[in-house]
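Worksheet: the structure to be examined is printed underneath.
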Amino acid sequence: QQPPIMVHSEVGSTNDEALKALHQGAPHGSAVVAEQQSAGRGRREDRGQRRVWYSPANANVYLSVVLRPKLDASRISGITLACGVAIAQALRELGGGDVRLKWPNDLYIGDRKLGGILSEAATGVGGLEGVVVGVGINVNVPGGEFPAELRDQATSLLRENGRVFDRLRIIQAVRGAILGACAGLEAGGLEDFMEAFDTLDAARGREVRFEQEGVAMRGVADGLSAQGGLWVKRDTGERAEVMAGEVTICGL
Ligand code: BTN
């Protein structure tokens with residue numbers, strides 16, 4: 001039997017609710033969903049401020065899953081990548097179309113962002129207590145309803161496929177995918193996800209911009225490294241391994 005899915009009509013952030021549940025002892029696999037978020041958190045920072053995740057009511061999926069992975073600290077960082085691979089595959093299986101991944105954990109269709117993943121670790125007195133994997137997916141927002149500043153960069157399953165999707169099925173499939181990814185990581189490590197990431201990689205072979213130690217750089221994305229970073233071929237001939245921060249596909 002699967003642990004419960006807690007459904008809210010509105011919360012600040014489903015990740016905060018799931019972190020609370022985790023601290024209160026919620027079992028591995030418990031999930032929090034909301035129809036709407038008033039303070040959904042994005043991963044990126046903009047001038048020192050966390051980006052707000054666009055979270056309109058009754059249209060999208062805002063899901064956070066409590067995980068208690070049996071992984072040591074060095075392997076826990078692979079969780080977002082593994083989850084990204086599994087979620088992209090699940091959305092494809094539901095007929096979502098050509099869902100791809102932009103390192104480390106953006107979901108894309110074509111040149112537009114479909115969703116994103118925000119993983120947050122929770123530590124207690126005994127060390128790592130667990131991890132919350134939060135996923136936002138634009139599902140039934142018509143293209144014309146995105147706010148003007150997102151309209152060109154963001155997309156939804158409806159916009160791409162011309163039909164409305166059952167959000168409950170997506171929630172169940174995505175939670176299953178996250179649990180499967182966690183189990184896969186425990187059993188075989190990140191190596192087991194590398195090949196799949198490669199086939200889903202939205203950036204490979206494309207020119208990208210990124211920053212290293214505050215210096216802006218460019219190069220051609222060249223796939224996932226064994227450490228879970230992104231290889232970028234610089235025009236100087238060397239390969240840079242990007243381990244943190246943002247990689248932007250040029251022209252997007
Ligand atoms: C990104 O910036 O790409 C990550 C976005 C993650 C958004 C989801 S929506 C559900 C969960 N709750 C949050 O506050 N954020 C994540």
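Chain labels A, B, ... are given in the sequence in which chains occur in the structure tokens; within each chain residues are numbered consecutively from 1, and ligands are likewise numbered from 1 in the order shown.
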
If DSSP is run on the backbone, what residues of segment 52-194 of chain A are strand (DSSP E)? A reply as a ChimeraX atom specification would be ideal. /A:52,61-67,99-102,106-109,112-124,127-137

Put those residues in a file: C-alpha atoms, as a PDB file, in the first residue's frame.
ATOM      1  CA  VAL A  52       8.808  32.431  -7.692  1.00  0.00           C
ATOM      2  CA  VAL A  61       0.750  19.912 -10.921  1.00  0.00           C
ATOM      3  CA  TYR A  62       2.561  21.070  -7.785  1.00  0.00           C
ATOM      4  CA  LEU A  63       3.809  17.928  -6.098  1.00  0.00           C
ATOM      5  CA  SER A  64       6.352  17.290  -3.350  1.00  0.00           C
ATOM      6  CA  VAL A  65       7.421  13.814  -2.316  1.00  0.00           C
ATOM      7  CA  VAL A  66       9.050  12.860   0.993  1.00  0.00           C
ATOM      8  CA  LEU A  67      12.005  10.522   0.533  1.00  0.00           C
ATOM      9  CA  VAL A  99       9.783  15.741 -23.032  1.00  0.00           C
ATOM     10  CA  ARG A 100      13.508  16.377 -22.530  1.00  0.00           C
ATOM     11  CA  LEU A 101      15.845  17.410 -19.728  1.00  0.00           C
ATOM     12  CA  LYS A 102      18.000  20.449 -19.447  1.00  0.00           C
ATOM     13  CA  ASP A 106      14.482  21.359 -16.030  1.00  0.00           C
ATOM     14  CA  LEU A 107      11.841  19.617 -18.100  1.00  0.00           C
ATOM     15  CA  TYR A 108      11.621  20.942 -21.655  1.00  0.00           C
ATOM     16  CA  ILE A 109       9.569  20.375 -24.760  1.00  0.00           C
ATOM     17  CA  ARG A 112      10.283  25.866 -23.901  1.00  0.00           C
ATOM     18  CA  LYS A 113      10.282  24.921 -20.245  1.00  0.00           C
ATOM     19  CA  LEU A 114       7.535  22.529 -19.189  1.00  0.00           C
ATOM     20  CA  GLY A 115       8.492  22.091 -15.568  1.00  0.00           C
ATOM     21  CA  GLY A 116      11.166  22.033 -12.957  1.00  0.00           C
ATOM     22  CA  ILE A 117      12.395  20.113  -9.944  1.00  0.00           C
ATOM     23  CA  LEU A 118      13.499  21.552  -6.613  1.00  0.00           C
ATOM     24  CA  SER A 119      15.049  19.045  -4.188  1.00  0.00           C
ATOM     25  CA  GLU A 120      15.660  20.082  -0.624  1.00  0.00           C
ATOM     26  CA  ALA A 121      17.453  18.025   2.003  1.00  0.00           C
ATOM     27  CA  ALA A 122      16.295  18.048   5.611  1.00  0.00           C
ATOM     28  CA  THR A 123      18.819  17.527   8.359  1.00  0.00           C
ATOM     29  CA  GLY A 124      18.062  16.686  11.953  1.00  0.00           C
ATOM     30  CA  GLY A 127      22.338  14.011  10.209  1.00  0.00           C
ATOM     31  CA  LEU A 128      20.318  13.666   7.024  1.00  0.00           C
ATOM     32  CA  GLU A 129      16.696  13.035   7.872  1.00  0.00           C
ATOM     33  CA  GLY A 130      15.395  12.875   4.356  1.00  0.00           C
ATOM     34  CA  VAL A 131      14.865  14.708   1.100  1.00  0.00           C
ATOM     35  CA  VAL A 132      11.873  16.438  -0.407  1.00  0.00           C
ATOM     36  CA  VAL A 133      11.636  16.318  -4.187  1.00  0.00           C
ATOM     37  CA  GLY A 134       9.305  19.046  -5.447  1.00  0.00           C
ATOM     38  CA  VAL A 135       8.039  19.051  -9.013  1.00  0.00           C
ATOM     39  CA  GLY A 136       6.100  21.727 -10.843  1.00  0.00           C
ATOM     40  CA  ILE A 137       4.622  20.781 -14.225  1.00  0.00           C
TER      41      ILE A 137
END

10 Å contact set for Glu241 of chain A, only C-alpha atoms, chain neighbours under 2 positions out, as JSON, numbers by chain: {"A": [212, 221, 222, 223, 224, 225, 227, 228, 229, 230, 231, 232, 233, 238, 239, 243, 244]}

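Proximity ranking of A:Glu17, A:Glu186, A:Glu213, A:Asp192 relative to Lys70 of chain A places A:Glu186 first, based on only C-alpha atoms.
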
Could you check the closest approach to Gly205 of chain A for each of A:Cys250, A:Ala26, A:Val33, A:Leu190 and tell me which residue wins, using only C-alpha atoms? A:Cys250

Can you pull out every residue from segment 155-216 of chain A that DSSP, working from the backbone, puts in helix (DSSP H, G or I), and format the result as a ChimeraX atom specification? /A:157-161,167-188,191-200

Nearest to ligand 1, chosen from A:Thr80, A:Asn15, A:Gln49, A:Asn58, with only C-alpha atoms and all ligand atoms counted in the distances: A:Asn15

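With only C-alpha atoms as the atoms that count, the minimum distance from Ser30 of chain A to the choices A:Arg43, A:Arg68, A:Arg163, A:Arg204 is reached by A:Arg68.
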
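From atom CA of Leu168 of chain A back to atom CA of Ala59 of chain A, the distance works out to 11.4 Å.
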
In Å, rounded to a single decimal, give me how far atom CA of Gly25 of chain A is from atom CA of Gly188 of chain A. 26.9 Å

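Counting only C-alpha atoms, the residue from A:Gly184, A:Gly48, A:Gly162, A:Gly110 that sits nearest to Asp98 of chain A is A:Gly110.
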
List every residue of segment 94-119 of chain A that has an atom at most 12 Å from any atom of segment 169-174 of chain A, giving for each one its closest atom pair and the distance in Å to one decimal, counting only C-alpha atoms, sorted by chain and then by ascending residue number, as a Markdown table.
| residue | atom | partner | partner_atom | distance |
| --- | --- | --- | --- | --- |
| A:Leu94 | CA | A:Ile170 | CA | 7.7 |
| A:Gly95 | CA | A:Ile170 | CA | 10.6 |
| A:Gly96 | CA | A:Ile170 | CA | 9.9 |
| A:Ile117 | CA | A:Val174 | CA | 11.5 |

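Considering the residues A:Val242, A:Ala196, A:Met6, A:Val164 and counting only C-alpha atoms, Ile87 of chain A has its shortest atom-to-atom contact with A:Ala196.
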